[in-house]
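Participant: File name protein.cif; file contents mmCIF, C-alpha atoms and all ligand atoms; full text below.
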```
data_data
loop_
_atom_site.label_atom_id
_atom_site.label_comp_id
_atom_site.auth_asym_id
_atom_site.auth_seq_id
_atom_site.Cartn_x
_atom_site.Cartn_y
_atom_site.Cartn_z
CA MET A 29 105.22 142.61 39.57
CA ASN A 30 103.09 145.43 40.85
CA PHE A 31 99.51 145.41 42.09
CA PRO A 32 99.08 148.96 43.37
CA ASP A 33 95.60 148.39 44.83
CA LEU A 34 97.10 145.99 47.39
CA ALA A 35 99.03 148.74 49.21
CA GLY A 36 97.42 149.55 52.56
CA ARG A 37 95.50 146.29 52.78
CA THR A 38 95.74 143.69 55.54
CA ALA A 39 96.16 139.93 55.16
CA VAL A 40 95.79 137.04 57.57
CA ILE A 41 97.90 134.03 56.60
CA THR A 42 97.43 130.68 58.30
CA GLY A 43 100.46 128.40 58.26
CA GLY A 44 102.55 131.52 57.75
CA ALA A 45 105.51 130.66 59.99
CA ARG A 46 107.40 128.95 57.18
CA GLY A 47 107.10 127.32 53.76
CA LEU A 48 104.74 128.55 51.07
CA GLY A 49 102.71 130.60 53.58
CA TYR A 50 105.74 132.61 54.64
CA SER A 51 106.95 133.06 51.08
CA LEU A 52 103.54 134.36 49.97
CA ALA A 53 103.36 136.58 53.06
CA SER A 54 106.60 138.11 51.86
CA ALA A 55 105.21 138.67 48.35
CA LEU A 56 102.13 140.41 49.77
CA ALA A 57 104.17 142.46 52.24
CA ARG A 58 106.33 143.75 49.37
CA GLN A 59 103.15 145.13 47.80
CA GLY A 60 102.48 147.16 50.96
CA VAL A 61 100.13 144.69 52.66
CA SER A 62 100.17 144.46 56.48
CA ILE A 63 100.49 140.84 57.55
CA ALA A 64 99.20 138.69 60.42
CA LEU A 65 100.86 135.27 60.57
CA LEU A 66 98.94 132.50 62.34
CA ASP A 67 100.67 129.18 62.98
CA LEU A 68 100.97 126.29 65.36
CA LEU A 69 104.75 126.69 65.53
CA PRO A 70 106.20 129.00 68.20
CA GLU A 71 108.69 130.20 65.56
CA VAL A 72 105.84 132.23 64.06
CA ALA A 73 106.92 135.13 66.30
CA ALA A 74 110.41 135.14 64.81
CA SER A 75 108.93 134.77 61.32
CA ALA A 76 106.77 137.87 61.83
CA ALA A 77 109.78 139.84 63.06
CA ARG A 78 111.89 138.68 60.11
CA LEU A 79 109.12 139.57 57.67
CA ALA A 80 108.92 143.10 59.09
CA ASP A 81 112.71 143.46 58.85
CA GLU A 82 112.88 142.14 55.30
CA THR A 83 109.94 144.06 53.85
CA GLY A 84 109.22 147.02 56.13
CA ALA A 85 105.60 145.83 56.44
CA ALA A 86 103.59 146.02 59.64
CA THR A 87 103.27 142.48 60.98
CA THR A 88 101.74 140.62 63.88
CA TRP A 89 101.42 136.97 64.78
CA ALA A 90 99.57 134.41 66.86
CA THR A 91 100.27 130.82 67.81
CA VAL A 92 97.07 129.00 67.05
CA ASP A 93 95.88 125.57 66.01
CA VAL A 94 93.54 126.12 63.06
CA THR A 95 91.43 123.14 64.15
CA ASP A 96 90.27 125.14 67.19
CA ALA A 97 87.61 127.48 65.80
CA ALA A 98 87.40 129.64 68.94
CA SER A 99 91.18 130.15 68.98
CA VAL A 100 91.16 131.04 65.30
CA ASP A 101 88.46 133.63 65.92
CA ALA A 102 90.41 135.05 68.87
CA ALA A 103 93.55 135.28 66.72
CA PHE A 104 91.63 137.17 64.02
CA ALA A 105 90.30 139.55 66.69
CA ALA A 106 93.81 140.16 68.07
CA ALA A 107 95.17 140.78 64.56
CA ARG A 108 92.32 143.20 63.92
CA GLU A 109 93.28 145.20 67.03
CA THR A 110 96.82 145.60 65.74
CA LEU A 111 96.47 145.88 61.96
CA GLY A 112 92.79 146.53 61.26
CA THR A 113 90.29 144.20 59.64
CA ALA A 114 91.79 141.77 57.17
CA ASP A 115 90.59 142.09 53.59
CA ILE A 116 92.82 139.29 52.30
CA LEU A 117 92.94 135.71 53.61
CA LEU A 118 95.47 133.08 52.62
CA THR A 119 95.02 129.63 54.20
CA ALA A 120 98.34 127.80 53.92
CA ALA A 121 98.20 125.69 57.11
CA GLY A 122 98.29 122.08 56.01
CA ILE A 123 99.85 118.70 56.66
CA THR A 124 100.20 115.39 54.89
CA VAL A 125 100.41 111.86 56.26
CA TRP A 126 101.62 109.02 54.08
CA GLY A 127 100.65 105.41 54.49
CA ASP A 128 98.75 102.41 53.20
CA SER A 129 95.09 103.37 53.52
CA ALA A 130 94.21 99.97 54.92
CA GLU A 131 96.48 100.68 57.89
CA VAL A 132 96.19 104.44 58.54
CA GLU A 133 95.05 105.13 62.10
CA PRO A 134 91.76 107.03 62.51
CA VAL A 135 93.56 109.73 64.49
CA ALA A 136 95.95 110.38 61.59
CA TRP A 137 93.11 110.49 59.09
CA SER A 138 91.15 112.91 61.26
CA ARG A 139 94.12 115.20 61.88
CA VAL A 140 94.66 115.69 58.14
CA ILE A 141 91.00 116.39 57.47
CA ASP A 142 90.72 118.64 60.54
CA ILE A 143 93.69 120.81 59.63
CA ASN A 144 93.42 120.90 55.85
CA LEU A 145 89.64 121.18 55.53
CA SER A 146 88.07 122.23 58.85
CA GLY A 147 90.95 124.59 59.70
CA THR A 148 90.54 126.26 56.31
CA PHE A 149 86.81 126.60 56.91
CA TYR A 150 87.23 128.13 60.39
CA ALA A 151 89.67 130.72 59.07
CA ALA A 152 87.29 131.59 56.23
CA GLN A 153 84.43 131.95 58.73
CA SER A 154 86.35 134.36 60.96
CA PHE A 155 87.47 136.32 57.91
CA ALA A 156 83.94 136.64 56.54
CA ARG A 157 82.31 137.52 59.87
CA ALA A 158 84.59 140.49 60.45
CA LEU A 159 84.16 141.80 56.90
CA ARG A 160 80.39 141.42 57.07
CA ALA A 161 80.20 143.23 60.41
CA GLU A 162 81.77 146.24 58.70
CA GLY A 163 80.00 145.86 55.36
CA ARG A 164 83.33 145.49 53.59
CA THR A 165 84.65 143.36 50.74
CA GLY A 166 87.56 140.95 50.63
CA SER A 167 89.37 138.16 48.81
CA ALA A 168 90.13 134.72 50.24
CA VAL A 169 92.72 132.42 48.65
CA LEU A 170 92.58 128.85 49.92
CA VAL A 171 95.69 126.74 49.37
CA SER A 172 94.49 123.50 47.86
CA SER A 173 96.70 121.17 45.77
CA MET A 174 96.79 119.38 42.44
CA SER A 175 96.32 116.36 44.73
CA GLY A 176 92.64 117.32 44.92
CA ARG A 177 92.38 116.28 41.24
CA ILE A 178 95.01 113.58 40.71
CA VAL A 179 96.56 110.79 42.75
CA ASN A 180 100.21 111.35 43.52
CA VAL A 181 102.61 108.45 43.14
CA PRO A 182 104.49 106.60 44.47
CA GLN A 183 103.47 107.77 47.97
CA HIS A 184 100.04 106.93 49.35
CA GLN A 185 98.21 109.93 50.80
CA ALA A 186 94.48 109.37 50.46
CA SER A 187 93.59 111.65 53.39
CA TYR A 188 95.57 114.54 51.92
CA ASN A 189 94.17 114.08 48.42
CA SER A 190 90.63 113.88 49.77
CA SER A 191 91.09 116.94 51.97
CA LYS A 192 92.31 119.02 49.04
CA ALA A 193 89.44 117.93 46.79
CA ALA A 194 87.18 119.14 49.59
CA VAL A 195 89.03 122.46 49.79
CA ASP A 196 88.30 123.03 46.09
CA GLN A 197 84.61 122.39 46.72
CA LEU A 198 84.72 124.61 49.81
CA ALA A 199 86.10 127.48 47.72
CA LYS A 200 83.25 127.08 45.24
CA SER A 201 80.61 126.81 47.95
CA LEU A 202 81.78 129.85 49.90
CA ALA A 203 82.24 131.88 46.73
CA VAL A 204 78.63 131.33 45.74
CA GLU A 205 77.34 132.00 49.25
CA TRP A 206 79.37 135.15 49.83
CA ALA A 207 79.25 136.75 46.38
CA PRO A 208 79.60 139.51 45.48
CA ASP A 209 81.21 140.86 48.66
CA ILE A 210 83.81 138.21 49.34
CA ARG A 211 85.60 136.42 46.53
CA VAL A 212 86.85 132.95 47.35
CA ASN A 213 89.29 131.08 45.14
CA ALA A 214 91.69 128.19 45.60
CA ILE A 215 95.15 127.60 44.21
CA ALA A 216 96.20 124.06 43.41
CA PRO A 217 99.99 123.82 43.42
CA GLY A 218 101.92 120.85 42.10
CA TYR A 219 105.24 119.87 43.71
CA PHE A 220 106.87 122.89 45.31
CA LEU A 221 110.08 123.14 47.31
CA SER A 222 108.98 124.16 50.78
CA ASP A 223 110.09 123.38 54.31
CA MET A 224 107.71 120.41 54.21
CA THR A 225 108.75 118.89 50.88
CA ARG A 226 112.47 119.54 51.46
CA GLN A 227 112.25 117.09 54.39
CA PHE A 228 111.15 114.41 51.92
CA THR A 229 113.42 115.28 49.01
CA GLU A 230 116.58 115.69 51.09
CA ALA A 231 115.96 112.39 52.88
CA ASN A 232 115.13 110.63 49.61
CA PRO A 233 116.75 112.14 46.49
CA GLU A 234 115.40 109.27 44.38
CA LEU A 235 111.87 110.32 45.27
CA ALA A 236 112.66 113.89 44.24
CA ALA A 237 114.01 112.62 40.92
CA ASP A 238 110.88 110.50 40.41
CA TRP A 239 108.59 113.47 41.04
CA THR A 240 110.64 115.78 38.83
CA ALA A 241 110.63 113.30 35.94
CA ARG A 242 106.83 113.61 35.85
CA ILE A 243 106.84 117.43 35.62
CA PRO A 244 106.93 118.82 32.06
CA ALA A 245 108.64 122.00 33.32
CA GLY A 246 111.54 119.75 34.38
CA ARG A 247 111.76 121.05 37.94
CA MET A 248 109.79 121.40 41.14
CA GLY A 249 108.26 124.80 41.74
CA GLU A 250 110.06 127.44 43.77
CA PRO A 251 107.82 129.17 46.33
CA ALA A 252 108.14 132.45 44.42
CA ASP A 253 106.53 130.76 41.38
CA LEU A 254 103.23 131.17 43.26
CA ASP A 255 103.60 134.92 43.82
CA GLY A 256 101.99 136.16 40.60
CA LEU A 257 98.87 134.02 40.89
CA VAL A 258 98.28 134.80 44.56
CA LEU A 259 98.86 138.54 44.15
CA LEU A 260 96.44 138.53 41.22
CA LEU A 261 93.75 136.69 43.21
CA ALA A 262 94.23 139.00 46.22
CA SER A 263 94.07 142.09 44.02
CA SER A 264 91.02 143.74 42.51
CA SER A 265 92.64 142.97 39.13
CA SER A 266 90.82 139.64 39.48
CA SER A 267 87.52 141.16 40.62
CA TYR A 268 85.47 138.89 38.31
CA ILE A 269 87.24 135.66 39.30
CA THR A 270 85.58 133.76 42.11
CA GLY A 271 84.78 130.13 42.94
CA GLN A 272 87.75 128.80 40.96
CA SER A 273 90.63 126.50 41.77
CA LEU A 274 93.62 127.39 39.64
CA VAL A 275 96.28 124.76 39.01
CA ILE A 276 99.91 125.86 39.06
CA ASP A 277 102.04 122.76 38.57
CA GLY A 278 104.61 123.12 35.77
CA GLY A 279 102.30 121.05 33.57
CA TYR A 280 102.09 117.96 35.84
CA THR A 281 98.31 117.52 35.47
CA ALA A 282 98.35 118.30 31.75
CA ILE A 283 99.78 114.88 30.89
N1 LIG A 301 104.91 122.10 49.05
C1 LIG A 301 104.14 121.57 48.12
O1 LIG A 301 104.62 120.91 47.20
C2 LIG A 301 102.65 121.80 48.16
C3 LIG A 301 101.91 121.46 47.04
C4 LIG A 301 100.54 121.67 47.03
C5 LIG A 301 99.94 122.22 48.14
N2 LIG A 301 100.68 122.53 49.23
C6 LIG A 301 99.99 123.11 50.37
O2 LIG A 301 100.58 124.34 50.70
C7 LIG A 301 100.38 124.60 52.09
C8 LIG A 301 101.71 124.94 52.72
O3 LIG A 301 102.55 123.79 52.62
P1 LIG A 301 104.13 123.85 52.74
O4 LIG A 301 104.66 122.92 51.72
O5 LIG A 301 104.60 125.24 52.78
O6 LIG A 301 104.30 123.13 54.16
P2 LIG A 301 105.06 123.58 55.48
O7 LIG A 301 104.99 122.44 56.41
O8 LIG A 301 106.39 124.13 55.14
O9 LIG A 301 104.13 124.77 56.01
C9 LIG A 301 102.85 124.50 56.56
C10 LIG A 301 102.64 125.37 57.77
O10 LIG A 301 101.35 125.07 58.33
C11 LIG A 301 101.51 125.05 59.74
N3 LIG A 301 100.47 124.22 60.36
C12 LIG A 301 100.33 122.88 60.28
N4 LIG A 301 99.31 122.48 61.04
C13 LIG A 301 98.78 123.58 61.62
C14 LIG A 301 97.71 123.82 62.52
N5 LIG A 301 96.98 122.79 63.01
N6 LIG A 301 97.45 125.07 62.89
C15 LIG A 301 98.19 126.10 62.44
N7 LIG A 301 99.23 125.95 61.58
C16 LIG A 301 99.51 124.70 61.20
C17 LIG A 301 102.88 124.46 59.97
O11 LIG A 301 103.36 124.73 61.29
C18 LIG A 301 103.69 125.13 58.88
O12 LIG A 301 104.23 126.38 59.31
C19 LIG A 301 99.73 123.34 52.67
O13 LIG A 301 98.34 123.52 52.74
C20 LIG A 301 100.06 122.29 51.63
O14 LIG A 301 99.12 121.24 51.63
C21 LIG A 301 102.02 122.33 49.27
#
```
Can the structure in the file be given as structure tokens, please?
Ligand SMILES: NC(=O)c1ccc[n+]([C@@H]2O[C@H](COP(=O)([O-])OP(=O)(O)OC[C@H]3O[C@@H](n4cnc5c(N)ncnc54)[C@H](O)[C@@H]3O)[C@@H](O)[C@H]2O)c1

Facilitator:
Amino acid sequence: MNFPDLAGRTAVITGGARGLGYSLASALARQGVSIALLDLLPEVAASAARLADETGAATTWATVDVTDAASVDAAFAAARETLGTADILLTAAGITVWGDSAEVEPVAWSRVIDINLSGTFYAAQSFARALRAEGRTGSAVLVSSMSGRIVNVPQHQASYNSSKAAVDQLAKSLAVEWAPDIRVNAIAPGYFLSDMTRQFTEANPELAADWTARIPAGRMGEPADLDGLVLLLASSSSSYITGQSLVIDGGYTAI
């Protein structure tokens, strides 16, 4: 896979310390993209160092809670000092909370919406402001989920599903507002093996089997299965694609 126009660009990746964010950071870095990892976890520093070692890319990092807009803006400014203005954004910071919707505490509901929706919005704002100030163009890829379109079973996760439906609408809204300078698309993964989902599948192999039985491809996605789509959306090869949410789920939602 080679997208030569990506070489020399800079990406900010929220939720990049681990999981799908880190894996996609690695895919971008291997195309010659400099990478800023933003994450709540202190291990983001070690992740940035590992990424530089593994790929040779220039990297930087910041510990930041994406629900704090001022901190997000400060982290973008710090990354800009080190790597230059980002022209690619990937928002992978996200959480899920499971539970009967009649019993979910307001604080749990709000945390999911704050991180998955508001945190995505704040990162997109900081990204767009810096590009606009310099009259430059860019591509934002928001990590949504197939859960924005379907209801996962057997677990109950109404806050997560609702937040991801909103992320799809956010991608459309920002794409229309910011066209033609900044393209904004979402990706909507199905079940992928990440640090988050491994916690569930390793603790409950029956759940993993249940999920897998519903996937026509016969397996959960590997993080690298997302590489091609994200590199395409980041690259100018997709210069006429904006405002879309693209499902990548091994056929789950096709049934
Ligand atoms: N794994 C899947 O099957 C799957 C499917 C569809 C969508 N997604 C989405 O992909 C994204 C990445 O998920 P993952 O499976 O890699 O999970 P993960 O838990 O492995 O990674 C998520 C990262 O986001 C970070 N994060 C969480 N809250 C944060 C906050 N407030 N501020 C900054 N960083 C924060 C975490 O520390 C973590 O590093 C999420 O948005 C998730 O909803 C995952």

Participant: Which one of A:Gly278, A:Gly127, A:Gly147, A:Pro32 sits closest to A:Leu68 if you count only C-alpha atoms?

Facilitator: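 Checking each candidate against A:Leu68, we get A:Gly147 as the closest.
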
Participant: Name all residues at most 12 Å from A:Ser138 (count all atoms listed in the file; drop same-chain ones fewer than 4 positions away) and give them as a count of residues only.

Facilitator: 18

Participant: Could you check how far atom CA of A:Ser54 sits from atom CA of A:Asp255, in Å to one decimal?

Facilitator: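 Rounded to one decimal, the two atoms are 9.2 Å apart.
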
Participant: With all atoms listed in the file counted, collect every polymer residue having an atom within 6 Å of ligand LIG 301 (chain A); state the result as a ChimeraX atom specification.

Facilitator: /A:43-49,67-69,92-95,120-123,143,171-173,217-225

Participant: Could you give me, as a PyMOL selection string, the residues within 10 Å of stretch 110-119 of chain A, counting only C-alpha atoms and dropping anything in the same chain fewer than 3 positions from it?

Facilitator: chain A and resi 34+37-44+49+52-53+56+61-66+86-89+94+104-107+122+144+147-149+151-152+154-156+158-159+162+164-172+210-214+258+261-263

Participant: Could you please determine the separation between atom CA of A:Met29 and atom CA of A:Ile269 in Å, to one decimal place?

Facilitator: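 If I compute the distance from atom CA of A:Met29 to atom CA of A:Ile269, I get 19.3 Å.
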
Participant: Go ahead and compute the interatomic distance for atom CA of A:Arg242 and atom CA of A:Ala130, in Å to one decimal.

Facilitator: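 Taking atom CA of A:Arg242 and atom CA of A:Ala130, their separation equals 26.6 Å.
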
Participant: From the set A:Leu202, A:Ala193, A:Leu260, A:Ala55, which residue has the shortest atom-to-atom contact distance to A:Ser175, counting all atoms listed in the file?

Facilitator: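 Answer, going by the shortest atom-to-atom distance: A:Ala193.
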
Participant: With only C-alpha atoms as the atoms that count, which of A:Val204, A:Leu259, A:Ala194, A:Ala35 lies nearest to A:Ala85?

Facilitator: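 Going through A:Val204, A:Leu259, A:Ala194, A:Ala35 one by one, the smallest distance to A:Ala85 is for A:Ala35.
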